[in-house]
Amino acid sequence: MSGNEYEFTIKRKDDHGKVSYSDYSVPKDRISTVFEGLLYIKENLDQTLSMRYSCTMEICGSCAVEVNGKPKMACSTIASSLKTDKIRVEPIRHFDVIKDLVVDLDSFFDKYRKGLPYIIREDYGDYSSELLQTPEQFQKYEQYSMCIKCGLCMAACPIVGTDEDYLGPASLTAVLRYNLDSRDEGGKYRLEAIGTEEGTSRCHYAGECSEVCPKGVDPSSAIQKLRWQVFKHEISGLIRGRRK
Amino acid sequence: MTEHKASIISWFRFDRKGLGFFAYSMHRFSGVVIVFYLYLHYAVLSNLLRGQATFDAVVRAAAYGPYGIFIVMDVLLTVVIFYHGANGVRLMLNEMGLGLAHHKALFFVLEAGAMALMLLFLYYAWQAVLSGSGL
Amino acid sequence: MGGGLAGLRAAIAAVESNGEITVGLVSKLYPLRSHSVAAEGGTSAVLDPEDNFDLHSYDTIKGSDYLADQDAVEEFVKLVPEQIYTTDHWGCPWSRAEDGRISQRDFGGLSFPRAVFAADKTGFHVMQTLYSRCLMYDRIHFYNEYFATSISVDSNRFNAMTTINLRTGEYTIFQSKSLILAAGGGGRMYRFSTCAHSTTGDGDAIAYRAGIPLKDMEFVQFHPTGLVPSGILITEAARAEGGYLRNSEGKRFMEHYAPTKLEEAPRDIVSRAMMWEIEAGRGVRGGYGNIEYINLDLTHIADKLEERLPMITDIARKFNNIDAAEGPIPVRPATHYTMGGVSVGIGTETVVPGVFGAGENASISIHGANRLGSNSTNECLALGNVAGKKAAEFASSHGIPDLNHDKIREEEKRLWEDIMRRDGGENVAAIRSDLGHTMDVNVGVFKTGEKLESAIKTIYELKERYSRISIQDKSNVFNTELQWALEVGYMLDLAEIVAKGAFERKESRGAHYRKDFPKRDDDNFLKHTIATYTRDGPRLEYSPVRITKWQPAERVY
């Protein structure tokens, strides 16, 4: 913590799939966050570095990377808070790397879509007034609506790492978010969609998703709540004699 | 698509991970041990098919024979089972939506309770072994 | 083109208005990464029976310093309430009153508390809602991370859009019957800006180069409360909820500048007041180097922070290590919004049939010389909807024109044989940084003829340097340096239009303030600036402002 420079080590991958590590020194007085460090490197030291970034205020979800072995948003990770001058930046795990710090998120958004993450209602088209919802009803799902789809939870989840078909924390949390919304009528379709081997049943509650979530969404508790919903749905299906 | 796939080893990298991850890894590990024990248990029991005498001999060998190590293994097995059971209770409670907000505290409370019960169990078991009526 | 609020809204409107339309949503980002997610405070809509459309129109027009086209504003305010209810049905968690109805709050320059909001994450929640709605339709195809480089217009029809697929580096051509420009504004031509790094005016510049004129580009809004030193937006709601601005003497100086509205005056007025204070030596100096700033004091409304302003409280804590309930937040005016954009009519149509514009990318003009806070997200929703419907209508009655191969090849040559092969040793990032510095200093809150001349001179120099750039990254996959180079090219064009437009506008109006002409001049400048592309730079012409009910009057808050 004594020097004037941070030592960045960045994991690279080029067009041909060759993996290497590059080292850079970044003056401490020029940057505050890890993202600013990366931008400083790209602007001044090495123009070939590729990364994603946009809002720099932790709301767009672009700059998910692994900082010193932990999935984080680069823009909101204050470099001095890392308690070391050595900063190791790698692409987030459990995704294919396209180049350097840029990973392929298509699978993530495909999985997100599988949980039918939108309001389902019978009365489409009549938009002449709002649907009543009290603040208490809102609070039920408020926390789960804060997800920015950054993918950190997927990178942290040990199950996603070993089973690439597992829908993952973000996707399942979105299901709960819509199921808990008092304006929604489509809960049963969603439970059918995710009450599968690759849905809630695959979660073993390691809780790492909640540890790394930058928005305090707590996906792991969401999945447990969802599991109970799935259970009740299955039981009521059995009682009604409906075969799955 | 398999380029990023992690190995099972990754389940046991605890550095910079939370308590939930530790509980999860240990739950998996203890589960595997219990399954292994279950089959071992079957294997031992299956000696009954070869007659009472054979079975008694095998069991005596395991419990008192030159391989005292088995007693230690039995104790470790108890630890594993009690750990797994207590965490299992936590998971069930959580899955029913109970105690989600305090799941880490719940882990400590249940594990502490389980370990206390285990010590009690081991105490009585040891008494039984000493008095020779354990079998 | 564009995956933000206006783009998503337009895509949904198009597929819902016609069961056979398919929409390609081309964006240089994943849609949810668009800067619309960063909109914080609220969106104005007339919902309360005691409020009325005329009042909303009047506020907007007065806010615009009478440069808005009044027929467009009147049309627009009527479209907004339905959009609020529509997004509510689609799942947007608008903040509620106890009885379950949508609640509204006060905002800068409003005469009635009509800003609908979702805590201080309005843009974020509306974006999530629209994105989720898009997922219902298989007919909306997402083309994520395709960077648009040009559009070609042939025999007065939209012909094709050329893009680079960032993931592979492939040159990709999109053809369609109609095109909606919804790529946002160009706030990043300034350095101290609340805008995302991706807000580089691509849509404006591409349209301009294709011969579609831009309107009122010299009007650039400065948001009073950009967090020092990062420029992160601290929502106007912080002031609307009762926050105070204090100078280095601890005084609430707004009473000198806007005696009635105080901190809740429109953005241009507050920004100027803050800069006057800083120039008078009453700026605060603290732990951020030489930057002088103003303190935003929220300590007296500490109990409201959790419910109404959670995001900025979180931002202050995470980025500046400040507890907003305990101490003041350092702020300074930062570039926030470009009122100008592609010149469109009330039906969002441009001069080229088949090309429509919506959102910050377009100028209709509702915002005139200064946009009121809470009038941008509603514009994206209302006019995005209009643009989507109009584009679908146009598409169902027209075919796809034959591809003009010459133009496509010409563009391909420009990208790979010109830009990629330039080798003069100039660093793209350095040009961008110098451009930002010039714009901050010379085309900022206070402008003078002298400063603007110097800015124009610098922009010419930068353009010359731009012709000598060297792109170090020769790879095809995710070549973000090439992307930077193209973006800087766009911004240089736009900066030239902004500076020249500002130089020619010898008056002060709304966000445009000339120290050498501090008064509004309705006799000579109650008109829109229209900039058209020529080889030698923008040709500036003027068009009249349409006035219906409200004659220009002095603007007092």
# chains A, B, ... in the order shown; residues from 1 in each chain; ligands from 1

call {"tool": "closest_atom_pairs", "arguments": {"of": "chain B", "to": "chain A", "cutoff": "9 Å", "atoms": "only C-alpha atoms", "output": "CSV"}}
result
residue,atom,partner,partner_atom,distance
B:Met1,CA,A:Asp96,CA,6.9
B:Thr2,CA,A:Asp96,CA,8.2
B:Glu3,CA,A:Asp96,CA,6.4
B:His4,CA,A:His94,CA,5.1
B:Lys5,CA,A:Gly161,CA,5.6
B:Ala6,CA,A:Gly161,CA,4.9
B:Ser7,CA,A:Thr162,CA,6.3
B:Ile8,CA,A:Thr162,CA,6.8
B:Ser10,CA,A:Pro158,CA,7.1
B:Trp11,CA,A:Pro158,CA,6.1
B:Asp15,CA,A:Gly69,CA,8.7
B:Arg16,CA,A:Lys70,CA,7.1
B:Lys17,CA,A:Glu208,CA,7.0
B:Gly18,CA,A:Glu208,CA,6.5
B:Leu19,CA,A:Gly207,CA,8.2
B:Gly20,CA,A:Ala206,CA,4.8
B:Phe21,CA,A:Ala206,CA,4.3
B:Phe22,CA,A:Ala206,CA,7.5
B:Ala23,CA,A:Ala206,CA,7.0
B:Tyr24,CA,A:Ala206,CA,4.9
B:Ser25,CA,A:Ala206,CA,7.7
B:Leu91,CA,A:Tyr205,CA,7.8
B:Asn94,CA,A:Gln224,CA,6.4
B:Glu95,CA,A:Gln224,CA,4.7
B:Met96,CA,A:Trp228,CA,5.6
B:Gly97,CA,A:Lys225,CA,5.5
B:Leu100,CA,A:Ser221,CA,6.2
B:Ala101,CA,A:Ser221,CA,7.9

call {"tool": "interface_residues", "arguments": {"of": "chain C", "to": "chain A", "cutoff": "7 Å", "atoms": "only C-alpha atoms", "output": "VMD selection string"}}
result
chain C and resid 32 to 35 37 to 38 82 85 to 86 88 to 91 96 to 101 132 to 133 135 196 to 198 232 318 to 319 429 472 to 473 475 477 to 481

call {"tool": "select_by_dssp", "arguments": {"residues": "region 258-450 of chain C", "states": "strand (DSSP E)", "output": "number ranges by chain"}}
result
C: 284-285, 292-297, 329-338, 341-343, 355-357, 362-363

call {"tool": "write_last_selection", "arguments": {"atoms": "C-alpha atoms", "output": "PDB file, in the first residue's frame"}}
result
ATOM      1  CA  VAL C 284     -16.075  25.030  -2.266  1.00  0.00           C
ATOM      2  CA  ARG C 285     -12.593  23.536  -2.415  1.00  0.00           C
ATOM      3  CA  GLU C 292     -14.289  23.950  -7.231  1.00  0.00           C
ATOM      4  CA  TYR C 293     -17.767  22.780  -6.471  1.00  0.00           C
ATOM      5  CA  ILE C 294     -21.013  23.479  -4.633  1.00  0.00           C
ATOM      6  CA  ASN C 295     -22.378  21.508  -1.702  1.00  0.00           C
ATOM      7  CA  LEU C 296     -25.684  19.689  -2.071  1.00  0.00           C
ATOM      8  CA  ASP C 297     -27.075  19.429   1.424  1.00  0.00           C
ATOM      9  CA  ILE C 329     -22.470  15.951  -1.546  1.00  0.00           C
ATOM     10  CA  PRO C 330     -20.007  17.825  -3.808  1.00  0.00           C
ATOM     11  CA  VAL C 331     -21.640  18.755  -7.120  1.00  0.00           C
ATOM     12  CA  ARG C 332     -20.945  20.851 -10.193  1.00  0.00           C
ATOM     13  CA  PRO C 333     -22.822  21.459 -13.452  1.00  0.00           C
ATOM     14  CA  ALA C 334     -22.180  18.647 -15.926  1.00  0.00           C
ATOM     15  CA  THR C 335     -23.209  18.097 -19.520  1.00  0.00           C
ATOM     16  CA  HIS C 336     -26.395  16.106 -19.485  1.00  0.00           C
ATOM     17  CA  TYR C 337     -28.556  16.312 -22.581  1.00  0.00           C
ATOM     18  CA  THR C 338     -28.517  17.571 -26.146  1.00  0.00           C
ATOM     19  CA  GLY C 341     -30.991  16.340 -32.817  1.00  0.00           C
ATOM     20  CA  VAL C 342     -32.306  15.050 -36.086  1.00  0.00           C
ATOM     21  CA  SER C 343     -34.938  17.490 -37.250  1.00  0.00           C
ATOM     22  CA  VAL C 355     -36.607   7.459 -41.776  1.00  0.00           C
ATOM     23  CA  PHE C 356     -38.044   8.407 -38.402  1.00  0.00           C
ATOM     24  CA  GLY C 357     -36.448   9.778 -35.259  1.00  0.00           C
ATOM     25  CA  ALA C 362     -34.492  13.617 -32.490  1.00  0.00           C
ATOM     26  CA  SER C 363     -35.573  17.206 -32.069  1.00  0.00           C
TER      27      SER C 363
END

call {"tool": "atom_distance", "arguments": {"atom1": "CA of Pro259 (chain C)", "atom2": "CA of Ile366 (chain C)"}}
result
26.4 Å

call {"tool": "closest_residue", "arguments": {"among": "C:Ile469, C:Ile530, C:Ile547, C:Ile459", "to": "Asp434 (chain C)", "atoms": "only C-alpha atoms"}}
result
C:Ile459

call {"tool": "atom_distance", "arguments": {"atom1": "CA of Arg9 (chain C)", "atom2": "CA of Glu360 (chain C)"}}
result
13.4 Å

call {"tool": "residues_around", "arguments": {"residues": "Arg90 (chain B)", "least_positions_apart": "5", "cutoff": "8 Å", "atoms": "only C-alpha atoms", "output": "ChimeraX atom specification"}}
result
/B:103,106-107,110

call {"tool": "write_last_selection", "arguments": {"atoms": "N, CA and C atoms", "output": "short mmCIF file (atom, residue, chain, number, x, y, z; two decimals), in the first residue's frame"}}
result
data_model
loop_
_atom_site.label_atom_id
_atom_site.label_comp_id
_atom_site.auth_asym_id
_atom_site.auth_seq_id
_atom_site.Cartn_x
_atom_site.Cartn_y
_atom_site.Cartn_z
N HIS B 103 -30.08 -16.84 7.51
CA HIS B 103 -29.66 -18.22 7.25
C HIS B 103 -28.25 -18.51 7.75
N LEU B 106 -28.57 -19.12 11.41
CA LEU B 106 -29.23 -20.41 11.53
C LEU B 106 -28.22 -21.54 11.37
N PHE B 107 -27.29 -21.34 10.45
CA PHE B 107 -26.25 -22.35 10.22
C PHE B 107 -25.48 -22.60 11.51
N LEU B 110 -27.79 -24.24 14.34
CA LEU B 110 -28.12 -25.64 14.11
C LEU B 110 -26.88 -26.52 14.22
#

call {"tool": "atom_distance", "arguments": {"atom1": "CA of Leu47 (chain C)", "atom2": "CA of Val116 (chain C)"}}
result
9.0 Å

call {"tool": "select_by_dssp", "arguments": {"residues": "region 209-419 of chain C", "states": "helix (DSSP H, G or I)", "output": "number ranges by chain"}}
result
C: 209, 237-240, 254-257, 262-264, 267-282, 299-308, 310-320, 359-361, 377-396, 405-419
